[in-house]
>>> print(open('start_20.cif').read())   # mmCIF, C-alpha atoms and all ligand atoms
data_run
loop_
_atom_site.label_atom_id
_atom_site.label_comp_id
_atom_site.auth_asym_id
_atom_site.auth_seq_id
_atom_site.Cartn_x
_atom_site.Cartn_y
_atom_site.Cartn_z
CA MET G 13 -24.37 11.04 10.54
CA PRO G 14 -25.93 7.70 9.46
CA ASP G 15 -28.68 9.57 7.57
CA VAL G 16 -26.10 11.38 5.44
CA PHE G 17 -24.57 8.09 4.31
CA THR G 18 -27.88 6.35 3.68
CA ARG G 19 -28.63 9.22 1.30
CA LEU G 20 -25.13 9.29 -0.25
CA ALA G 21 -24.75 5.49 -0.57
CA PRO G 22 -26.20 5.13 -4.10
CA GLU G 23 -23.86 7.82 -5.45
CA ILE G 24 -20.81 6.38 -3.69
CA GLN G 25 -21.60 2.94 -5.08
CA LYS G 26 -22.16 4.34 -8.56
CA ILE G 27 -18.72 5.99 -8.45
CA GLU G 28 -17.16 2.74 -7.24
CA ALA G 29 -18.72 0.86 -10.15
CA GLN G 30 -17.45 3.47 -12.66
CA LEU G 31 -13.94 3.25 -11.22
CA HIS G 32 -14.03 -0.54 -11.19
CA ALA G 33 -14.94 -0.65 -14.87
CA GLN G 34 -12.09 1.67 -15.92
CA PRO G 35 -8.99 0.48 -14.01
CA GLU G 36 -5.72 2.24 -14.82
CA LEU G 37 -2.14 1.26 -14.01
CA SER G 38 0.26 3.24 -11.82
CA PHE G 39 0.97 6.77 -13.13
CA GLU G 40 -1.59 6.20 -15.94
CA GLU G 41 -4.65 7.12 -13.87
CA HIS G 42 -5.85 9.89 -16.23
CA ALA G 43 -9.57 9.00 -16.53
CA THR G 44 -9.63 8.17 -12.83
CA THR G 45 -8.20 11.59 -11.96
CA ARG G 46 -10.76 13.29 -14.26
CA LEU G 47 -13.61 11.43 -12.59
CA ILE G 48 -12.38 12.41 -9.11
CA GLU G 49 -12.00 16.07 -10.09
CA GLU G 50 -15.45 16.19 -11.71
CA VAL G 51 -16.98 15.11 -8.41
CA LEU G 52 -14.92 17.50 -6.28
CA MET G 53 -15.43 20.51 -8.55
CA ARG G 54 -19.14 20.56 -7.86
CA LEU G 55 -18.80 20.26 -4.07
CA PRO G 56 -19.08 23.53 -2.11
CA GLY G 57 -15.99 24.62 -0.17
CA PHE G 58 -13.39 22.68 -2.18
CA SER G 59 -10.27 24.02 -3.88
CA ARG G 60 -7.46 22.18 -5.64
CA ALA G 61 -3.87 22.25 -4.35
CA GLU G 62 -1.70 22.86 -7.41
CA LEU G 63 1.08 20.29 -7.25
CA GLY G 64 1.69 19.98 -11.00
CA LEU G 65 0.80 16.28 -11.04
CA THR G 66 0.11 14.30 -14.21
CA THR G 67 -2.14 11.87 -12.37
CA GLY G 68 -3.59 11.97 -8.87
CA THR G 69 -4.97 15.10 -7.27
CA VAL G 70 -5.05 16.90 -3.92
CA TRP G 71 -7.94 19.08 -2.71
CA ARG G 72 -8.67 21.20 0.35
CA LEU G 73 -12.00 21.68 2.08
CA THR G 74 -11.98 24.86 4.13
CA GLY G 75 -13.67 24.54 7.51
CA MET G 76 -15.59 27.48 8.93
CA LYS G 77 -13.92 27.32 12.36
CA SER G 78 -10.28 26.94 13.32
CA GLY G 79 -8.71 23.62 14.24
CA PRO G 80 -6.18 21.03 13.11
CA VAL G 81 -5.64 20.31 9.41
CA VAL G 82 -6.51 16.67 8.84
CA GLY G 83 -5.36 14.76 5.74
CA LEU G 84 -7.24 11.80 4.27
CA ARG G 85 -5.48 9.65 1.68
CA ALA G 86 -6.75 7.11 -0.85
CA ASP G 87 -4.73 5.23 -3.46
CA ILE G 88 -6.26 5.16 -6.95
CA ASP G 89 -4.30 2.74 -9.17
CA ALA G 90 -5.03 -0.77 -10.46
CA ILE G 91 -2.80 -3.74 -11.37
CA ARG G 92 -2.09 -6.13 -14.23
CA GLN G 93 -4.63 -8.89 -13.70
CA GLU G 94 -7.42 -10.42 -15.80
CA GLU G 95 -10.74 -10.12 -14.01
CA GLN G 96 -12.49 -13.46 -13.73
CA VAL G 97 -15.71 -12.40 -12.07
CA GLN G 98 -18.71 -11.62 -14.27
CA ARG G 99 -20.27 -8.48 -12.82
CA PRO G 100 -22.04 -5.54 -14.45
CA ASP G 101 -19.05 -3.25 -13.76
CA ARG G 102 -16.41 -5.77 -14.88
CA SER G 103 -13.14 -4.21 -16.07
CA LYS G 104 -13.45 -3.08 -19.67
CA TYR G 105 -9.69 -3.35 -20.21
CA ALA G 106 -8.10 -6.75 -20.88
CA GLY G 107 -5.43 -7.63 -18.36
CA ILE G 108 -6.00 -4.65 -16.03
CA MET G 109 -8.13 -4.86 -12.93
CA HIS G 110 -8.85 -3.16 -9.62
CA ALA G 111 -7.77 -6.35 -7.85
CA CYS G 112 -6.59 -4.58 -4.68
CA GLY G 113 -9.75 -2.52 -4.10
CA HIS G 114 -8.25 0.92 -4.70
CA ASP G 115 -11.50 1.73 -6.55
CA VAL G 116 -13.27 1.17 -3.22
CA HIS G 117 -10.77 3.39 -1.38
CA THR G 118 -11.22 6.17 -3.97
CA ALA G 119 -15.02 5.97 -3.80
CA ALA G 120 -14.81 5.99 0.01
CA LEU G 121 -12.72 9.16 0.02
CA LEU G 122 -15.09 10.84 -2.45
CA GLY G 123 -17.98 9.81 -0.20
CA ALA G 124 -16.21 11.41 2.77
CA ALA G 125 -15.68 14.56 0.65
CA MET G 126 -19.42 14.75 -0.09
CA ALA G 127 -20.37 14.24 3.56
CA LEU G 128 -17.80 16.67 4.96
CA SER G 129 -18.73 19.29 2.37
CA GLU G 130 -22.27 19.21 3.77
CA MET G 131 -20.87 19.62 7.31
CA ARG G 132 -18.43 22.43 6.50
CA GLU G 133 -20.30 25.06 8.55
CA SER G 134 -19.44 23.11 11.70
CA LEU G 135 -15.97 21.83 10.70
CA CYS G 136 -13.23 22.91 13.13
CA GLY G 137 -10.31 23.01 10.74
CA ASP G 138 -9.50 22.27 7.10
CA VAL G 139 -9.46 18.83 5.51
CA VAL G 140 -6.99 17.82 2.78
CA PHE G 141 -8.05 15.03 0.41
CA ILE G 142 -5.12 13.16 -1.13
CA PHE G 143 -5.93 10.97 -4.14
CA GLN G 144 -2.57 9.30 -4.62
CA PRO G 145 -1.39 7.58 -7.80
CA ALA G 146 0.96 4.62 -8.13
CA GLU G 147 0.71 2.93 -4.74
CA GLU G 148 1.16 -0.47 -6.36
CA ILE G 149 4.71 0.37 -7.40
CA LEU G 150 5.39 2.18 -4.10
CA GLN G 151 6.21 5.42 -5.93
CA GLY G 152 3.11 7.59 -5.67
CA ALA G 153 3.54 8.90 -2.12
CA LYS G 154 7.18 9.79 -2.84
CA LYS G 155 6.04 11.64 -5.97
CA LEU G 156 3.48 13.75 -4.07
CA ILE G 157 6.07 14.59 -1.43
CA ALA G 158 8.59 15.54 -4.13
CA HIS G 159 5.92 17.79 -5.70
CA GLY G 160 5.65 19.74 -2.44
CA LEU G 161 2.60 18.11 -0.81
CA PHE G 162 3.64 19.11 2.69
CA GLU G 163 4.70 22.64 1.72
CA LYS G 164 1.49 23.35 -0.20
CA ALA G 165 -0.81 21.51 2.17
CA PRO G 166 0.79 21.25 5.63
CA LEU G 167 -1.02 18.69 7.78
CA ASP G 168 -1.36 18.07 11.50
CA MET G 169 -2.33 14.43 11.04
CA LEU G 170 -3.10 11.95 8.28
CA PHE G 171 -5.45 8.96 8.00
CA GLY G 172 -5.59 6.21 5.40
CA LEU G 173 -7.18 2.81 5.04
CA HIS G 174 -7.01 -0.45 3.14
CA ASN G 175 -9.79 -2.96 2.66
CA GLN G 176 -9.12 -6.25 4.46
CA PRO G 177 -10.90 -9.37 3.17
CA ALA G 178 -9.75 -11.29 6.28
CA LEU G 179 -12.00 -9.05 8.42
CA PRO G 180 -15.78 -9.28 7.95
CA PHE G 181 -17.60 -6.36 6.37
CA GLY G 182 -18.88 -4.04 9.09
CA THR G 183 -15.75 -4.31 11.24
CA VAL G 184 -12.66 -2.11 11.42
CA GLY G 185 -9.17 -3.38 12.35
CA ILE G 186 -7.06 -1.08 14.51
CA LYS G 187 -3.52 -1.55 15.73
CA GLU G 188 -1.13 0.82 17.47
CA GLY G 189 2.47 0.71 16.19
CA PRO G 190 3.76 -1.36 13.25
CA LEU G 191 0.98 -2.65 10.96
CA MET G 192 2.64 -3.36 7.60
CA ALA G 193 6.21 -4.27 6.72
CA GLY G 194 9.01 -2.14 5.36
CA LYS G 195 10.82 -3.59 2.36
CA ASP G 196 14.35 -3.67 1.00
CA ASP G 197 15.00 -5.32 -2.36
CA PHE G 198 18.37 -6.81 -3.21
CA VAL G 199 20.31 -8.01 -6.23
CA LEU G 200 23.16 -10.46 -5.68
CA GLU G 201 25.62 -11.22 -8.46
CA LEU G 202 27.97 -14.14 -7.93
CA HIS G 203 31.05 -14.03 -10.11
CA GLY G 204 33.05 -17.19 -10.74
CA LYS G 205 35.12 -18.57 -13.58
CA GLY G 206 33.33 -20.38 -16.38
CA GLY G 207 34.59 -23.20 -18.51
CA HIS G 208 34.02 -26.69 -19.90
CA GLY G 209 31.42 -28.74 -18.01
CA GLY G 210 33.75 -31.73 -18.00
CA MET G 211 36.62 -29.84 -16.33
CA PRO G 212 35.19 -28.30 -13.15
CA GLU G 213 38.63 -28.30 -11.50
CA SER G 214 39.65 -25.43 -13.80
CA CYS G 215 36.53 -23.37 -13.00
CA THR G 216 34.89 -21.78 -10.00
CA ASP G 217 31.19 -22.50 -10.32
CA PRO G 218 28.82 -19.74 -9.14
CA ILE G 219 25.78 -22.05 -9.49
CA VAL G 220 27.07 -24.24 -6.65
CA ALA G 221 27.77 -21.12 -4.58
CA ALA G 222 24.26 -19.81 -5.32
CA CYS G 223 22.63 -23.07 -4.18
CA SER G 224 24.57 -22.98 -0.92
CA LEU G 225 23.82 -19.29 -0.34
CA VAL G 226 20.06 -19.66 -0.80
CA ASN G 227 20.08 -22.18 2.04
CA ALA G 228 22.50 -20.18 4.20
CA LEU G 229 20.31 -17.07 3.88
CA GLN G 230 17.44 -18.94 5.57
CA THR G 231 19.42 -18.65 8.81
CA VAL G 232 19.08 -14.84 8.88
CA VAL G 233 15.46 -15.07 10.02
CA SER G 234 15.77 -18.37 11.91
CA ARG G 235 19.00 -17.54 13.82
CA ASN G 236 19.51 -13.75 13.80
CA VAL G 237 15.96 -12.46 14.40
CA SER G 238 14.10 -13.01 17.65
CA PRO G 239 11.19 -15.44 17.25
CA LEU G 240 9.03 -12.68 18.75
CA ASP G 241 9.90 -10.29 15.92
CA ALA G 242 8.70 -10.54 12.31
CA ALA G 243 10.95 -10.70 9.26
CA VAL G 244 10.88 -12.33 5.83
CA LEU G 245 13.99 -12.83 3.71
CA SER G 246 13.27 -14.46 0.36
CA VAL G 247 15.33 -15.16 -2.74
CA CYS G 248 12.73 -14.80 -5.47
CA SER G 249 14.71 -15.33 -8.69
CA ILE G 250 17.89 -17.06 -9.85
CA HIS G 251 19.30 -16.69 -13.33
CA GLY G 252 22.47 -18.31 -14.64
CA GLY G 253 23.61 -20.66 -17.35
CA THR G 254 22.53 -21.49 -20.88
CA GLU G 255 23.82 -24.97 -21.81
CA GLU G 256 24.10 -28.32 -20.06
CA ASN G 257 27.84 -28.60 -20.74
CA LEU G 258 29.10 -25.16 -19.70
CA ILE G 259 30.02 -23.82 -16.30
CA VAL G 260 28.98 -20.17 -16.18
CA ASP G 261 30.82 -17.04 -15.09
CA LYS G 262 27.93 -15.39 -13.32
CA VAL G 263 24.68 -16.06 -11.50
CA ARG G 264 22.19 -13.33 -10.61
CA LEU G 265 19.77 -13.64 -7.71
CA THR G 266 17.13 -11.18 -6.61
CA GLY G 267 15.05 -11.06 -3.46
CA SER G 268 13.67 -8.95 -0.69
CA LEU G 269 13.78 -8.38 3.04
CA ARG G 270 10.62 -7.37 4.93
CA THR G 271 10.76 -6.12 8.51
CA MET G 272 8.71 -4.15 11.01
CA HIS G 273 11.47 -2.55 13.12
CA GLU G 274 14.67 -0.69 12.23
CA ALA G 275 16.81 -2.72 14.67
CA VAL G 276 15.67 -6.00 13.08
CA ARG G 277 16.18 -4.57 9.62
CA SER G 278 19.74 -3.37 10.20
CA ARG G 279 20.77 -6.67 11.84
CA ALA G 280 19.24 -8.69 8.96
CA LEU G 281 20.96 -6.51 6.35
CA GLU G 282 24.28 -6.88 8.16
CA ARG G 283 23.92 -10.70 8.13
CA LEU G 284 22.75 -10.71 4.50
CA GLN G 285 25.90 -8.84 3.51
CA ALA G 286 28.21 -11.07 5.59
CA ILE G 287 26.71 -14.37 4.42
CA CYS G 288 26.86 -13.32 0.77
CA GLU G 289 30.50 -12.24 0.98
CA THR G 290 31.86 -15.12 3.07
CA GLY G 291 29.58 -17.72 1.47
CA ALA G 292 30.73 -16.74 -2.02
CA ALA G 293 34.38 -16.69 -0.89
CA ALA G 294 34.04 -20.23 0.50
CA TYR G 295 33.38 -21.36 -3.09
CA GLU G 296 36.11 -19.11 -4.53
CA CYS G 297 33.52 -16.78 -6.03
CA ARG G 298 32.99 -13.08 -5.52
CA ALA G 299 29.69 -11.55 -4.35
CA GLU G 300 28.38 -8.19 -5.48
CA LEU G 301 25.37 -7.28 -3.36
CA ARG G 302 23.19 -4.25 -4.06
CA ILE G 303 20.51 -3.34 -1.51
CA MET G 304 17.68 -1.05 -2.56
CA PRO G 305 15.58 0.35 0.32
CA LEU G 306 12.05 0.59 -1.06
CA ASN G 307 9.66 1.45 1.71
CA GLY G 308 9.55 1.84 5.49
CA PRO G 309 6.98 0.08 7.70
CA VAL G 310 3.48 1.50 8.24
CA ASP G 311 3.86 2.40 11.90
CA ASN G 312 0.66 3.74 13.43
CA SER G 313 1.06 6.83 15.61
CA HIS G 314 0.59 6.05 19.30
CA ALA G 315 -0.95 9.48 19.89
CA MET G 316 -3.52 8.96 17.11
CA THR G 317 -4.66 5.49 18.14
CA ALA G 318 -7.24 6.77 20.67
CA ILE G 319 -8.63 9.13 18.00
CA ALA G 320 -8.80 6.28 15.48
CA LYS G 321 -10.66 4.06 17.96
CA ARG G 322 -13.16 6.83 18.68
CA ALA G 323 -13.66 7.40 14.96
CA ALA G 324 -14.11 3.71 14.16
CA ALA G 325 -16.54 3.23 17.05
CA ALA G 326 -18.62 6.12 15.70
CA ALA G 327 -18.53 4.67 12.17
CA CYS G 328 -19.28 1.01 12.82
CA GLY G 329 -20.12 0.59 16.51
CA ILE G 330 -17.69 -0.19 19.32
CA GLU G 331 -18.66 -3.88 19.21
CA ASN G 332 -17.28 -4.06 15.66
CA LEU G 333 -13.74 -2.87 16.45
CA ARG G 334 -11.08 -5.57 15.97
CA VAL G 335 -7.38 -5.71 16.74
CA ALA G 336 -5.80 -5.67 13.25
CA GLN G 337 -3.40 -8.50 12.52
CA PRO G 338 -0.18 -7.04 11.08
CA SER G 339 0.65 -7.87 7.47
CA MET G 340 4.08 -8.45 5.91
CA GLY G 341 2.73 -6.80 2.76
CA CYS G 342 3.91 -3.25 1.93
CA GLU G 343 2.03 0.03 1.56
CA ASP G 344 3.56 3.33 0.51
CA PHE G 345 1.40 5.19 3.06
CA ALA G 346 4.55 4.62 5.14
CA ALA G 347 6.33 7.34 3.14
CA TYR G 348 4.22 10.08 4.78
CA ALA G 349 5.12 9.09 8.35
CA PRO G 350 8.38 11.09 8.60
CA TYR G 351 6.41 14.28 7.78
CA VAL G 352 3.17 13.92 9.73
CA PRO G 353 1.69 11.71 12.49
CA SER G 354 -0.32 9.11 10.60
CA PHE G 355 -2.73 6.25 11.14
CA PHE G 356 -3.77 3.43 8.82
CA TYR G 357 -6.93 1.32 9.28
CA PHE G 358 -7.85 -2.11 7.98
CA LEU G 359 -11.44 -1.85 6.79
CA GLY G 360 -13.38 -5.14 6.97
CA SER G 361 -14.39 -6.12 3.42
CA GLY G 362 -14.99 -9.87 3.64
CA GLU G 363 -18.36 -11.42 2.88
CA LYS G 364 -19.63 -13.53 5.77
CA GLU G 365 -19.32 -17.34 5.50
CA VAL G 366 -17.45 -17.15 2.21
CA ASP G 367 -13.86 -18.03 1.33
CA ASN G 368 -12.92 -14.45 0.37
CA PRO G 369 -10.30 -14.03 -2.39
CA LEU G 370 -7.20 -12.18 -1.26
CA TRP G 371 -5.68 -9.02 -2.73
CA HIS G 372 -4.44 -9.21 -6.34
CA LYS G 373 -6.44 -12.38 -7.17
CA PRO G 374 -8.44 -12.45 -10.43
CA ASP G 375 -11.69 -13.00 -8.50
CA PHE G 376 -10.97 -10.31 -5.89
CA ARG G 377 -13.81 -8.12 -4.74
CA CYS G 378 -14.90 -6.25 -1.63
CA ALA G 379 -18.24 -6.86 0.08
CA SER G 380 -20.95 -4.56 -1.22
CA GLY G 381 -21.12 -1.49 1.01
CA THR G 382 -17.39 -1.42 1.85
CA ALA G 383 -16.93 1.96 0.13
CA VAL G 384 -19.82 3.49 2.09
CA MET G 385 -18.39 2.14 5.36
CA GLY G 386 -14.98 3.56 4.34
CA ALA G 387 -16.58 6.96 3.70
CA LYS G 388 -18.13 6.86 7.17
CA LEU G 389 -14.82 5.89 8.78
CA LEU G 390 -12.85 8.67 7.06
CA THR G 391 -15.53 11.24 7.89
CA SER G 392 -15.53 10.12 11.54
CA SER G 393 -11.74 10.33 11.59
CA VAL G 394 -11.90 14.03 10.74
CA LEU G 395 -14.59 14.70 13.35
CA ALA G 396 -12.69 12.72 16.01
CA ALA G 397 -9.44 14.52 15.16
CA GLN G 398 -11.24 17.85 15.47
CA GLY G 399 -12.66 16.77 18.82
CA THR G 400 -16.32 17.00 17.80
CA ILE G 401 -17.11 13.30 18.34
NI NI G 501 -3.66 -2.17 -2.18
#
>>> encode(input="start_20.cif", output="structure tokens")
Amino acid sequence: MPDVFTRLAPEIQKIEAQLHAQPELSFEEHATTRLIEEVLMRLPGFSRAELGLTTGTVWRLTGMKSGPVVGLRADIDAIRQEEQVQRPDRSKYAGIMHACGHDVHTAALLGAAMALSEMRESLCGDVVFIFQPAEEILQGAKKLIAHGLFEKAPLDMLFGLHNQPALPFGTVGIKEGPLMAGKDDFVLELHGKGGHGGMPESCTDPIVAACSLVNALQTVVSRNVSPLDAAVLSVCSIHGGTEENLIVDKVRLTGSLRTMHEAVRSRALERLQAICETGAAAYECRAELRIMPLNGPVDNSHAMTAIAKRAAAAACGIENLRVAQPSMGCEDFAAYAPYVPSFFYFLGSGEKEVDNPLWHKPDFRCASGTAVMGAKLLTSSVLAAQGTI
């Protein structure tokens, strides 16, 4: 297998550079989708699954022997960010950048497509390649599912990956069970009674209630969640008031809850609701709380973990396997889990002895060669799932 990737590396890296230079925002990945399809159209054994998508694309490689259908997923969108690194393939669009490395993921999946196409005579089962739009807004996976992904391309298992600057290039992070957080957003409106700033006794001031509530909400994680479990509850915006001499009627707060387990989530939501209602009432205000579940946790299949370890060992050497540290960030790969056993890797992308910029930073970049290593890992995942390595 290494020989295949040594040969394919220049093409994979060329594709990565093309994608990096033409970043597109969520659900606007038209040129990206064209580029992906141009590569896949010329590969033997590939056919497109017709899902009626505007952006993103799903393709099937038919194996010559029977076996499980394995899905491989890459996200393809970029974010609003101004690239600050001078490089030959710097983003040609002002204010848009592949600052999360989805260009690397896309190039890796195309590299796996090229390699697996060459191996199709010996493939024991079909492979489905999912190039998913709009991960950054956590909507792309839901869109593919709504367009009949699992009816048109039923899968037995699914693999995905994300680059991880905290892990050195050449390593792969693996973890059984929860890896990335689920997220619920919330909007809290506090209703009081406005009036003259000099006559607070005739008003009920929602700003005072809001200040108290922001502090009280800190107790959800510190007092209601076990210190051995992970949760984040943050108020991220407060809006209320216009003048220095008016008490306002209403304050609006927004925030989010991130958790790894359903039991922790439901307890935290219960306390969020109770604290908002009783806390507002203590200040003679009324709370209106709206909770918007956004995404479940990425929870790696127990049954697939041994396969993933075998695949990663084949791709990068057993000495380069690492236990992945969970992240409280979100990933809409989680949306597939109710439909198919799934596994998500962290792919080492940090340069050695460098302070590597994190995701979404204007100087973000993956170590050179990350896409090729990703292609190897995804290819190995298929072979391990089919039982041939
Ligand atoms: Ni990302």
>>> atom_distance(input="start_20.cif", atom1="atom CA of G:Gly341", atom2="atom CA of G:Ala193")
5.8 Å
>>> residues_around(input="start_20.cif", residues="G:Ala242", least_positions_apart="2", cutoff="7 Å", atoms="all atoms listed in the file", output="number ranges by chain")
G: 240, 271-272
>>> closest_residue(input="start_20.cif", among="G:Ala111, G:Arg277, G:Arg60, G:Arg102", to="G:Val140", atoms="all atoms listed in the file")
G:Arg60
>>> closest_atom_pairs(input="start_20.cif", of="chain G", to="ligand NI 501 (chain G)", cutoff="8 Å", atoms="only C-alpha atoms and all ligand atoms", output="JSON lines")
{"residue": "G:Asp87", "atom": "CA", "partner": "G:NI501", "partner_atom": "NI", "distance": 7.6}
{"residue": "G:Cys112", "atom": "CA", "partner": "G:NI501", "partner_atom": "NI", "distance": 4.5}
{"residue": "G:Gly113", "atom": "CA", "partner": "G:NI501", "partner_atom": "NI", "distance": 6.4}
{"residue": "G:His114", "atom": "CA", "partner": "G:NI501", "partner_atom": "NI", "distance": 6.1}
{"residue": "G:Glu147", "atom": "CA", "partner": "G:NI501", "partner_atom": "NI", "distance": 7.2}
{"residue": "G:Glu148", "atom": "CA", "partner": "G:NI501", "partner_atom": "NI", "distance": 6.6}
{"residue": "G:His174", "atom": "CA", "partner": "G:NI501", "partner_atom": "NI", "distance": 6.5}
{"residue": "G:Asn175", "atom": "CA", "partner": "G:NI501", "partner_atom": "NI", "distance": 7.9}
{"residue": "G:Glu343", "atom": "CA", "partner": "G:NI501", "partner_atom": "NI", "distance": 7.2}
{"residue": "G:Trp371", "atom": "CA", "partner": "G:NI501", "partner_atom": "NI", "distance": 7.2}
>>> closest_residue(input="start_20.cif", among="G:Leu389, G:Leu258, G:Ile24, G:Ala158", to="G:Pro212", atoms="only C-alpha atoms")
G:Leu258
>>> residues_around(input="start_20.cif", residues="stretch 61-68 of chain G", least_positions_apart="5", cutoff="6 Å", atoms="all atoms listed in the file", output="list in words")
Glu41, His42, Thr45, Phe143, Gln144, Pro145 and His159 of chain G
>>> write_last_selection(input="start_20.cif", atoms="C-alpha atoms", output="compact mmCIF listing (two decimals), in the coordinates of the input")
# COMPACT_ATOMS: atom_id res chain seq x y z
CA GLU G 41 -4.65 7.12 -13.87
CA HIS G 42 -5.85 9.89 -16.23
CA THR G 45 -8.20 11.59 -11.96
CA PHE G 143 -5.93 10.97 -4.14
CA GLN G 144 -2.57 9.30 -4.62
CA PRO G 145 -1.39 7.58 -7.80
CA HIS G 159 5.92 17.79 -5.70
>>> atom_distance(input="start_20.cif", atom1="atom CA of G:Glu94", atom2="atom CA of G:Arg377")
13.0 Å
